[in-house]
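J.: Handing you a structure now.
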Amino acid sequence: MSMQNPTISERLDRLSINAFHKRLFTVVAIGMFFEGFDIYLAASVLGDTFKSGFSTLAQNGLFISATFVGMTLGALGSGFIGDKIGRKKIYQWNLLLFGGAAVASIFAPNMTWLIFLRFLMGVGIGAETVVGYSLITEFFPASVRGRWLGYIATAVSAGLPASALCAYLFLPTFGWKVMFVFGGLGALVAWLLRRELPESPRWLASVGRDAEADALLSKIEAYGSSSPTSALPEVPDDVPLDAGIFTRNAIAGSLALMAVNTLIYGFIVWLPTFMVSQGETIAKSSAFALIMSLGGLVGSFAGGWLADLVGRRATIISSGALVIVLAALFSTTTDPFYMPLIGFLLTLPIYVLVAVLFAIYVPELFNTKTRLRGVGICNASGRAVSIFVPLAIGPTFAAYGTSGVLIIMSIAIVAMITAVAFIGRGVSRNGPIASPATGRQTF
């Protein structure tokens with residue numbers, strides 16, 4: 001690739017962050033925030049539907065399962081369809097689906113209909129995760145995309161405290177339907193903002209539509225300067241990816257997301273229960289759950305910056321090792337002061353992993369031509385684990401206590417570290433392009 005005739009990927013990677021990038025980020029972040037909001041609203045909604053007699057405990061379980069089944073299918077389907085028809089179309093359809101289903105949920109006549117609509121929401125949410133992170137990966141320069149993807153992950157994490165706050169303020173007065181009003185209308189507003197969303201120039205070039213890619217990129221370049229001397233990724237995004245490398249990276253990404261979903265749905269979600277079992281009150285455990293959600297924001301934000309500063313693999317491996325150490329401390333601590341403190345500290349590296357694995361590492365395992373299907377396969381694998389892990393945690397905790405649960409976590413982390421260190425081979429970028437002193441672009 002000559003300096004006189006740079007590729008589409010090279011031109012994108014040499015851009016400084018400009019007004020176009022920031023507007024694109026805002027549109028994606030709004031949709032991803034409401035994705036997080038809609039995922040987390042289940043806790044407040046189900047409590048009220050059960051209390052009001054609208055649902056039974058068995059139906060609440062089906063509601064949760066339908067969410068994850070839909071997310072699994074949405075992640076897988078959007079990956080293959082998005083690589084075929086483009087990012088823009090699939091990104092519009094998925095948001096319309098989960099926003100429309102959320103609004104329709106307000107009018108659900110019974111719990112059976114609400115479960116079906118939740119399945120449709122799950123399909124849209126699963127697709128949102130795959131396409132949202134991939135779009136930022138394909139538009140933003142490689143040298144700074146880690147931190148911007150970290151900001152997107154922070155927006156998703158912000159959905160948890162926002163959902164909890166809305167439930168606290170409005171649910172007692174208006175009932176569970178108000179939660180779908182906020183989630184659905186927010187998603188539809190994001191859909192309206194996305195109508196002018198451009199297609200990915202990298203994808204256009206990957207399918208031979210070079211003239212369109214060049215014209216679009218020329219408009220993006222007009223927003224800000226680029227430098228022909230800016231450091232480029234060690235491996236270009238448009239490098240060919242044979243079936244063997246694709247399979248290897250899909251295995252690595254799947255193992256990584258299976259592990260991080262084990263951490264979320266096998267530990268984070270259960271942490272208040274663990275604390276109650278060790279003598280804490282419901283009030284204290286609920287307060288700690290809120291503090292944890294704030295820890296998720298800090299961890300997600302830090303994950304993006306660390307990924308750019310020290311590299312993807314180094315951040316993942318060191319954070320995973322820290323989780324194992326803190327998990328061991330947590331399992332042996334009964335002191336009422338140190339237990340919540342260590343638990344909070346434990347949430348930080350967990351959410352660093354959530355941000356780096358979901359948002360940065362997995363999308364960069366694949367080239368443009370195969371990115372969405374690769375990310376879709378990995379996300380579907382991770383979501384599938386989310387269906388079954390909670391079923392195993394209850395019996396494990398009953399038989400072996402917190403120590404047994406944390407052993408499962410540690411096994412998952414070892415598998416993740418092994419996959420990242422020895423199996424996955426990044427395509428777009430696998431660490432800092434240059435030293436932080438010389439490789440950082442100017443905003």
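In the structure tokens, chains take letters A, B, ... by order of appearance, with residues numbered from 1 within each chain and ligands from 1 in the order shown.
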If we count only C-alpha atoms and set the cut-off at 10 Å, which residues sit around Val181 in chain A, ignoring sequence neighbours fewer than 3 positions away in its own chain? Please answer as a list in words.
T.: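 In the requested format, the answer is Gly99, Ala102, Val103, Ala104, Ser105, Ile106, Trp176, Lys177, Val178, Gly184, Leu185, Gly186 and Ala187 of chain A.
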J.: Would you save the residues of that selection, restricted to C-alpha atoms, as a tab-separated table (two decimals), in the first residue's frame?
T.:
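result.tsv, written as the output of this step:
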chain	number	residue	atom	x	y	z
A	99	GLY	CA	-38.29	0.12	20.23
A	102	ALA	CA	-41.18	-2.01	23.87
A	103	VAL	CA	-43.98	0.44	23.02
A	104	ALA	CA	-46.33	-2.45	22.16
A	105	SER	CA	-45.57	-3.96	25.58
A	106	ILE	CA	-47.49	-1.10	27.18
A	176	TRP	CA	-44.57	-1.38	35.42
A	177	LYS	CA	-45.79	-0.11	32.03
A	178	VAL	CA	-44.05	3.21	32.54
A	184	GLY	CA	-39.49	2.25	23.89
A	185	LEU	CA	-39.82	5.96	23.19
A	186	GLY	CA	-36.11	6.47	23.83
A	187	ALA	CA	-35.26	3.76	21.31
J.: Could you give me, as a list in words, the residues within 12 Å of Phe116 in chain A, counting only C-alpha atoms and dropping anything in the same chain fewer than 3 positions from it?
T.: Gln59, Leu62, Phe63, Ile64, Ser65, Ala66, Thr67, Val69, Gly70, Phe98, Ala101, Ala102, Ala104, Ser105, Ala108, Pro109, Asn110, Met111, Thr112, Trp113, Phe119, Leu120, Met121, Gly122 and Val123 of chain A
J.: What does the structure give for the distance between CA of Trp93 in chain A and CA of Gly175 in chain A, in Å to one decimal?
T.: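 Spanning CA of Trp93 in chain A to CA of Gly175 in chain A is a straight-line distance of 29.1 Å.
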J.: So that I can see what lies close to range 168-172 of chain A, please list as a list in words the residues with an atom at most 10 Å from it, counting only C-alpha atoms and leaving out residues fewer than 5 positions away in the same chain.
T.: Ser44, Val45, Asp48, Ala162, Ser163, Lys177, Val178 and Met179 of chain A
J.: Excluding same-chain residues fewer than 6 positions from Met32 in chain A, what lies within 10 Å of it counting only C-alpha atoms, as a tab-separated table (two decimals) with C-alpha atoms, in the first residue's frame?
T.:
chain	number	residue	atom	x	y	z
A	26	THR	CA	-23.66	10.46	19.95
A	38	ASP	CA	-34.11	-2.14	28.33
A	95	LEU	CA	-33.66	-0.40	16.70
A	125	ILE	CA	-31.12	-5.73	21.60
A	128	GLU	CA	-27.75	-3.58	18.68
A	129	THR	CA	-24.72	-4.88	20.57
A	132	GLY	CA	-23.14	-0.67	17.49
A	133	TYR	CA	-19.66	-1.65	18.61
A	152	ILE	CA	-19.95	3.44	24.36
A	153	ALA	CA	-19.65	0.63	26.90
A	154	THR	CA	-20.05	3.22	29.64
A	155	ALA	CA	-23.27	4.40	27.99
A	156	VAL	CA	-24.58	0.83	28.08
A	157	SER	CA	-23.60	0.47	31.74
A	158	ALA	CA	-25.37	3.76	32.51
A	159	GLY	CA	-28.61	2.03	31.57
A	187	ALA	CA	-35.26	3.76	21.31
A	190	ALA	CA	-32.64	7.09	18.58
J.: Give me the residues of range 107-172 of chain A that have any atom at most 12 Å from an atom of range 309-331 of chain A; for each, the nearest atom pair and the distance in Å, rounded to one decimal. Use only C-alpha atoms, sort by chain and number, and format it as JSON lines.
T.:
{"residue": "A:Ala142", "atom": "CA", "partner": "A:Gly311", "partner_atom": "CA", "distance": 11.6}
{"residue": "A:Ser143", "atom": "CA", "partner": "A:Leu309", "partner_atom": "CA", "distance": 9.4}
{"residue": "A:Val144", "atom": "CA", "partner": "A:Leu309", "partner_atom": "CA", "distance": 9.3}
{"residue": "A:Arg145", "atom": "CA", "partner": "A:Leu309", "partner_atom": "CA", "distance": 11.2}
{"residue": "A:Gly146", "atom": "CA", "partner": "A:Arg312", "partner_atom": "CA", "distance": 8.5}
{"residue": "A:Arg147", "atom": "CA", "partner": "A:Leu309", "partner_atom": "CA", "distance": 9.2}
{"residue": "A:Gly150", "atom": "CA", "partner": "A:Arg312", "partner_atom": "CA", "distance": 11.9}
J.: Please produce a file of the residues just selected, as a PDB file, in the first residue's frame, where the atoms kept are N, CA and C atoms.
T.:
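Writing the result to selection16.pdb gives the following:
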ATOM      1  N   ALA A 142      -7.802   3.727  14.537  1.00  0.00           N
ATOM      2  CA  ALA A 142      -7.419   2.619  15.411  1.00  0.00           C
ATOM      3  C   ALA A 142      -6.665   3.087  16.647  1.00  0.00           C
ATOM      4  N   SER A 143      -5.911   4.176  16.527  1.00  0.00           N
ATOM      5  CA  SER A 143      -5.067   4.602  17.640  1.00  0.00           C
ATOM      6  C   SER A 143      -5.857   5.133  18.825  1.00  0.00           C
ATOM      7  N   VAL A 144      -7.118   5.553  18.600  1.00  0.00           N
ATOM      8  CA  VAL A 144      -7.923   6.100  19.702  1.00  0.00           C
ATOM      9  C   VAL A 144      -9.267   5.412  19.844  1.00  0.00           C
ATOM     10  N   ARG A 145      -9.542   4.392  19.035  1.00  0.00           N
ATOM     11  CA  ARG A 145     -10.890   3.832  19.070  1.00  0.00           C
ATOM     12  C   ARG A 145     -11.181   3.110  20.379  1.00  0.00           C
ATOM     13  N   GLY A 146     -10.134   2.628  21.079  1.00  0.00           N
ATOM     14  CA  GLY A 146     -10.369   1.929  22.331  1.00  0.00           C
ATOM     15  C   GLY A 146     -11.109   2.786  23.339  1.00  0.00           C
ATOM     16  N   ARG A 147     -10.648   4.024  23.511  1.00  0.00           N
ATOM     17  CA  ARG A 147     -11.298   4.887  24.505  1.00  0.00           C
ATOM     18  C   ARG A 147     -12.713   5.255  24.082  1.00  0.00           C
ATOM     19  N   GLY A 150     -14.817   2.439  24.744  1.00  0.00           N
ATOM     20  CA  GLY A 150     -15.035   2.410  26.187  1.00  0.00           C
ATOM     21  C   GLY A 150     -16.144   3.361  26.602  1.00  0.00           C
TER      22      GLY A 150
END
J.: Just list as a PyMOL selection string whatever in range 91-274 of chain A DSSP marks as alpha helix (DSSP H).
T.: chain A and resi 91-105+111-139+145-157+159-174+177-193+201-206+210-221+243-263+271-274
J.: Could the residues in this selection be saved with C-alpha atoms as a short mmCIF file (atom, residue, chain, number, x, y, z; two decimals), in the first residue's frame?
T.:
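Ended up saving to part04.cif:
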data_model
loop_
_atom_site.label_atom_id
_atom_site.label_comp_id
_atom_site.auth_asym_id
_atom_site.auth_seq_id
_atom_site.Cartn_x
_atom_site.Cartn_y
_atom_site.Cartn_z
CA TYR A 91 -28.82 -0.99 12.40
CA GLN A 92 -32.08 0.76 11.53
CA TRP A 93 -34.18 -2.39 11.54
CA ASN A 94 -32.96 -3.67 14.89
CA LEU A 95 -33.66 -0.40 16.70
CA LEU A 96 -37.13 -0.16 15.18
CA LEU A 97 -37.81 -3.74 16.26
CA PHE A 98 -36.85 -3.39 19.91
CA GLY A 99 -38.29 0.12 20.23
CA GLY A 100 -41.57 -0.90 18.60
CA ALA A 101 -41.85 -4.05 20.71
CA ALA A 102 -41.18 -2.01 23.87
CA VAL A 103 -43.98 0.44 23.02
CA ALA A 104 -46.33 -2.45 22.16
CA SER A 105 -45.57 -3.96 25.58
CA MET A 111 -48.15 -11.98 30.45
CA THR A 112 -48.02 -14.37 27.50
CA TRP A 113 -48.07 -11.45 25.08
CA LEU A 114 -45.55 -9.57 27.20
CA ILE A 115 -43.16 -12.54 27.05
CA PHE A 116 -43.51 -12.72 23.26
CA LEU A 117 -42.87 -8.99 22.90
CA ARG A 118 -39.87 -9.33 25.21
CA PHE A 119 -38.49 -11.99 22.88
CA LEU A 120 -38.77 -9.52 19.97
CA MET A 121 -37.07 -6.86 22.09
CA GLY A 122 -34.30 -9.36 22.80
CA VAL A 123 -33.75 -9.92 19.07
CA GLY A 124 -33.34 -6.17 18.55
CA ILE A 125 -31.12 -5.73 21.60
CA GLY A 126 -28.85 -8.61 20.53
CA ALA A 127 -28.39 -7.00 17.13
CA GLU A 128 -27.75 -3.58 18.68
CA THR A 129 -24.72 -4.88 20.57
CA VAL A 130 -23.19 -6.48 17.49
CA VAL A 131 -23.68 -3.58 15.08
CA GLY A 132 -23.14 -0.67 17.49
CA TYR A 133 -19.66 -1.65 18.61
CA SER A 134 -18.70 -2.70 15.09
CA LEU A 135 -19.72 0.67 13.62
CA ILE A 136 -17.46 2.57 16.02
CA THR A 137 -14.67 0.10 15.20
CA GLU A 138 -15.02 0.78 11.48
CA PHE A 139 -15.30 4.57 11.60
CA ARG A 145 -10.89 3.83 19.07
CA GLY A 146 -10.37 1.93 22.33
CA ARG A 147 -11.30 4.89 24.51
CA TRP A 148 -14.29 5.80 22.32
CA LEU A 149 -15.54 2.22 22.43
CA GLY A 150 -15.04 2.41 26.19
CA TYR A 151 -17.31 5.46 26.24
CA ILE A 152 -19.95 3.44 24.36
CA ALA A 153 -19.65 0.63 26.90
CA THR A 154 -20.05 3.22 29.64
CA ALA A 155 -23.27 4.40 27.99
CA VAL A 156 -24.58 0.83 28.08
CA SER A 157 -23.60 0.47 31.74
CA GLY A 159 -28.61 2.03 31.57
CA LEU A 160 -28.54 0.16 34.91
CA PRO A 161 -28.58 3.13 37.33
CA ALA A 162 -30.92 5.02 34.97
CA SER A 163 -33.36 2.11 34.98
CA ALA A 164 -33.14 1.79 38.77
CA LEU A 165 -33.70 5.53 39.22
CA CYS A 166 -36.73 5.59 36.88
CA ALA A 167 -38.21 2.62 38.72
CA TYR A 168 -37.69 4.35 42.06
CA LEU A 169 -39.28 7.62 40.89
CA PHE A 170 -42.14 6.49 38.68
CA LEU A 171 -42.99 2.81 39.13
CA PRO A 172 -44.81 3.15 42.50
CA THR A 173 -47.19 5.71 40.97
CA PHE A 174 -47.60 4.55 37.38
CA LYS A 177 -45.79 -0.11 32.03
CA VAL A 178 -44.05 3.21 32.54
CA MET A 179 -40.68 1.47 32.22
CA PHE A 180 -41.52 0.36 28.69
CA VAL A 181 -42.69 3.90 27.88
CA PHE A 182 -39.22 5.26 28.70
CA GLY A 183 -37.32 2.43 26.99
CA GLY A 184 -39.49 2.25 23.89
CA LEU A 185 -39.82 5.96 23.19
CA GLY A 186 -36.11 6.47 23.83
CA ALA A 187 -35.26 3.76 21.31
CA LEU A 188 -37.61 5.25 18.72
CA VAL A 189 -36.04 8.70 19.18
CA ALA A 190 -32.64 7.09 18.58
CA TRP A 191 -34.08 5.45 15.44
CA LEU A 192 -35.15 8.85 14.11
CA LEU A 193 -31.65 10.22 14.74
CA PRO A 201 -16.78 3.13 4.09
CA ARG A 202 -14.77 0.06 5.10
CA TRP A 203 -17.74 -2.19 4.31
CA LEU A 204 -18.42 -0.42 1.01
CA ALA A 205 -14.80 -0.98 -0.03
CA SER A 206 -14.89 -4.60 1.12
CA ASP A 210 -15.03 1.78 -4.01
CA ALA A 211 -16.46 4.90 -5.64
CA GLU A 212 -19.16 5.20 -2.95
CA ALA A 213 -16.60 4.59 -0.21
CA ASP A 214 -14.29 7.25 -1.62
CA ALA A 215 -17.07 9.83 -1.98
CA LEU A 216 -18.30 9.23 1.58
CA LEU A 217 -14.82 9.33 3.03
CA SER A 218 -14.05 12.59 1.23
CA LYS A 219 -17.03 14.15 3.03
CA ILE A 220 -15.78 12.80 6.39
CA GLU A 221 -12.27 14.13 5.69
CA ALA A 243 -11.37 -19.78 7.12
CA GLY A 244 -8.77 -21.13 9.55
CA ILE A 245 -7.96 -17.76 11.08
CA PHE A 246 -11.65 -16.81 11.18
CA THR A 247 -12.50 -20.03 13.03
CA ARG A 248 -9.61 -19.57 15.44
CA ASN A 249 -10.64 -16.01 16.23
CA ALA A 250 -14.30 -16.97 16.55
CA ILE A 251 -13.34 -19.61 19.14
CA ALA A 252 -11.22 -17.11 21.07
CA GLY A 253 -13.91 -14.45 21.01
CA SER A 254 -16.63 -16.92 21.97
CA LEU A 255 -14.65 -18.22 24.95
CA ALA A 256 -13.92 -14.66 26.06
CA LEU A 257 -17.56 -13.54 25.92
CA MET A 258 -18.76 -16.77 27.53
CA ALA A 259 -16.38 -16.04 30.41
CA VAL A 260 -17.43 -12.41 30.87
CA ASN A 261 -21.13 -13.34 30.77
CA THR A 262 -20.37 -15.90 33.46
CA LEU A 263 -18.97 -13.07 35.58
CA LEU A 271 -23.87 -10.40 44.64
CA PRO A 272 -26.72 -8.84 46.70
CA THR A 273 -28.01 -12.37 47.38
CA PHE A 274 -24.56 -13.47 48.52
#
J.: At what distance in Å, to one decimal, does CA of Pro349 in chain A lie from CA of Arg373 in chain A?
T.: 27.9 Å
J.: Just checking: using only C-alpha atoms, which residue out of A:Gly404, A:Gly208, A:Gly36, A:Gly376 ends up closest to Ile81 in chain A?
T.: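 Closest to Ile81 in chain A of all the choices is A:Gly376.
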J.: To one decimal in Å, tell me the separation between CA of Ile387 in chain A and CA of Leu73 in chain A.
T.: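 Computed distance, CA of Ile387 in chain A to CA of Leu73 in chain A, equals 12.4 Å.
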J.: Of the candidates A:Glu35, A:Arg383, A:Leu24, A:Ser52, which shows the shortest atom-to-atom distance to Glu199 in chain A, using only C-alpha atoms?
T.: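 Closest to Glu199 in chain A, using only C-alpha atoms: A:Leu24.
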